[in-house]
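A.B. asks: This is the structure I have questions about; it appears just below.
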Amino acid sequence: MTERIQLSPAVPEAFKALVAANTAVEKAAANAGLDQRLIELVKIRASMINGCAYCIDSHSRDARKLGETDRRILMLSAWWETPLYTEQERAALALTDAMTRLPQHQDVPDDVYAEATRVFTEEQYVAVAWAATVINAFNRLGVTSHKPLPADPR
């Protein structure tokens, strides 16, 4: 793989602003009563779609620390085929898929929006949508830069 310029440290003020946005979104999610594991599932799923190895690795580790199982993390690639996820998680994952694939479809389908707003409060919906937005931004930096994985902590 070609070594590339790392974008995150190249403009530290912009990267700090993105980290601050992520912190604000996580706070909004917690204030809205969302389980942090759901937000981590959103981050992992978007990262899988975008092919961001660094973010998949990072957020999988974060999810495990919160008590998420390896099975549910691995099954995110086919979440719609399993009964492993709650109604809220399924709505969050469908919304994440639609938002992450926005360039392909040019819209979030009405049925995806309707289901998400049915199972989430407005504050929860906003937090999930922002979580998908922020992780997509991080993914674009990581994929474009070929951000290397950290050393295996084992």
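Within each chain, counting starts at residue 1; across the structure tokens, chains are named A, B, ... in the order shown, with ligands numbered 1 upward in that order.
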Quick one: residues within 10 Å of A:Val19, only C-alpha atoms, excluding same-chain residues fewer than 6 positions away - as an mmCIF file with C-alpha atoms, in the first residue's frame?
C.D. replies:
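That gives us around-v5.cif:
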```cif
data_model
loop_
_atom_site.group_PDB
_atom_site.id
_atom_site.type_symbol
_atom_site.label_atom_id
_atom_site.label_comp_id
_atom_site.auth_asym_id
_atom_site.auth_seq_id
_atom_site.Cartn_x
_atom_site.Cartn_y
_atom_site.Cartn_z
ATOM 1 C CA GLU A 13 -7.297 22.911 14.083
ATOM 2 C CA VAL A 25 -22.495 14.154 19.440
ATOM 3 C CA VAL A 134 -19.199 12.570 11.964
ATOM 4 C CA PHE A 138 -13.443 10.556 9.984
#
```
A.B. asks: What lies within 8 Å of stretch 129-132 of chain A using only C-alpha atoms, ignoring chain neighbours under 3 positions off, as a CSV table (one decimal) with N, CA and C atoms, in the first residue's frame?
C.D. replies:
```csv
chain,number,residue,atom,x,y,z
A,22,ASN,N,-17.4,15.2,17.5
A,22,ASN,CA,-17.7,13.9,17.9
A,22,ASN,C,-18.0,13.8,19.4
A,25,VAL,N,-21.5,15.1,19.9
A,25,VAL,CA,-22.5,14.2,19.4
A,25,VAL,C,-22.6,13.1,20.5
A,26,GLU,N,-21.5,12.6,21.0
A,26,GLU,CA,-21.6,11.5,22.1
A,26,GLU,C,-22.3,12.1,23.3
A,39,ILE,N,-24.2,3.8,19.5
A,39,ILE,CA,-23.4,4.8,18.8
A,39,ILE,C,-22.2,4.1,18.2
A,42,VAL,N,-23.1,2.2,15.1
A,42,VAL,CA,-23.2,3.1,14.0
A,42,VAL,C,-21.8,3.4,13.4
A,43,LYS,N,-20.9,3.7,14.3
A,43,LYS,CA,-19.5,4.0,13.8
A,43,LYS,C,-18.9,2.8,13.1
A,46,ALA,N,-20.7,2.2,9.5
A,46,ALA,CA,-20.3,3.2,8.5
A,46,ALA,C,-18.9,2.9,8.1
A,95,LEU,N,-30.5,3.7,9.0
A,95,LEU,CA,-30.3,5.1,8.8
A,95,LEU,C,-28.8,5.4,8.4
A,96,THR,N,-27.9,4.7,9.2
A,96,THR,CA,-26.5,4.8,8.9
A,96,THR,C,-26.1,4.3,7.5
A,99,MET,N,-27.4,7.0,5.0
A,99,MET,CA,-26.6,8.2,5.0
A,99,MET,C,-25.2,8.0,4.5
A,100,THR,N,-24.6,6.8,4.7
A,100,THR,CA,-23.3,6.5,4.3
A,100,THR,C,-23.3,6.3,2.8
A,125,TYR,N,-32.9,10.7,17.4
A,125,TYR,CA,-32.8,10.6,16.0
A,125,TYR,C,-31.6,11.6,15.5
A,126,VAL,N,-31.7,12.8,16.1
A,126,VAL,CA,-30.7,13.8,15.7
A,126,VAL,C,-29.3,13.3,16.1
A,135,ILE,N,-18.8,10.2,11.8
A,135,ILE,CA,-17.9,9.0,11.5
A,135,ILE,C,-17.6,9.0,10.0
A,136,ASN,N,-18.6,9.4,9.2
A,136,ASN,CA,-18.3,9.4,7.7
A,136,ASN,C,-17.2,10.4,7.4
```
A.B. asks: Give me, please, the distance in Å between atom CA of A:Ile5 and atom CA of A:Ser145, quoted to one decimal.
C.D. replies: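 Answer for the atom CA of A:Ile5 to atom CA of A:Ser145 separation: 5.9 Å.
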A.B. asks: Run DSSP on the backbone and tell me which residues of chain A come out as helix (DSSP H, G or I); list them as a PyMOL selection string.
C.D. replies: chain A and resi 7-10+12-31+36-50+53-65+70-81+87-100+102-105+110-119+122-145
A.B. asks: For A:Ala114, find every residue with an atom within 12 Å (counting only C-alpha atoms), except residues of its own chain fewer than 3 positions away, and show them as a list of chain:residue names.
C.D. replies: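 With the cut-off at 12 Å, the set is A:Ala91, A:Ala92, A:Ala94, A:Leu95, A:Val108, A:Pro109, A:Asp110, A:Asp111, A:Thr117, A:Arg118, A:Val119, A:Phe120, A:Thr121, A:Glu122, A:Tyr125.
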A.B. asks: Kindly give the distance, in Å, that separates atom CA of A:His59 and atom CA of A:Leu41, rounded to a single decimal.
C.D. replies: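 Here the two named atoms are 8.0 Å from each other.
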A.B. asks: Identify which of the residues A:Gln36, A:Ala137, A:Ile49, A:Ile44 lies closest to A:Ala98, counting only C-alpha atoms when measuring atom-to-atom distances.
C.D. replies: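 Closest to A:Ala98 of all the choices is A:Ile49.
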A.B. asks: For each of A:Leu74, A:Val143, A:Leu34, A:Cys55, take the minimum atom-to-atom distance to A:Gln124, counting only C-alpha atoms, then give the residue where this is smallest.
C.D. replies: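 Using only C-alpha atoms, the shortest distance to A:Gln124 belongs to A:Leu34.
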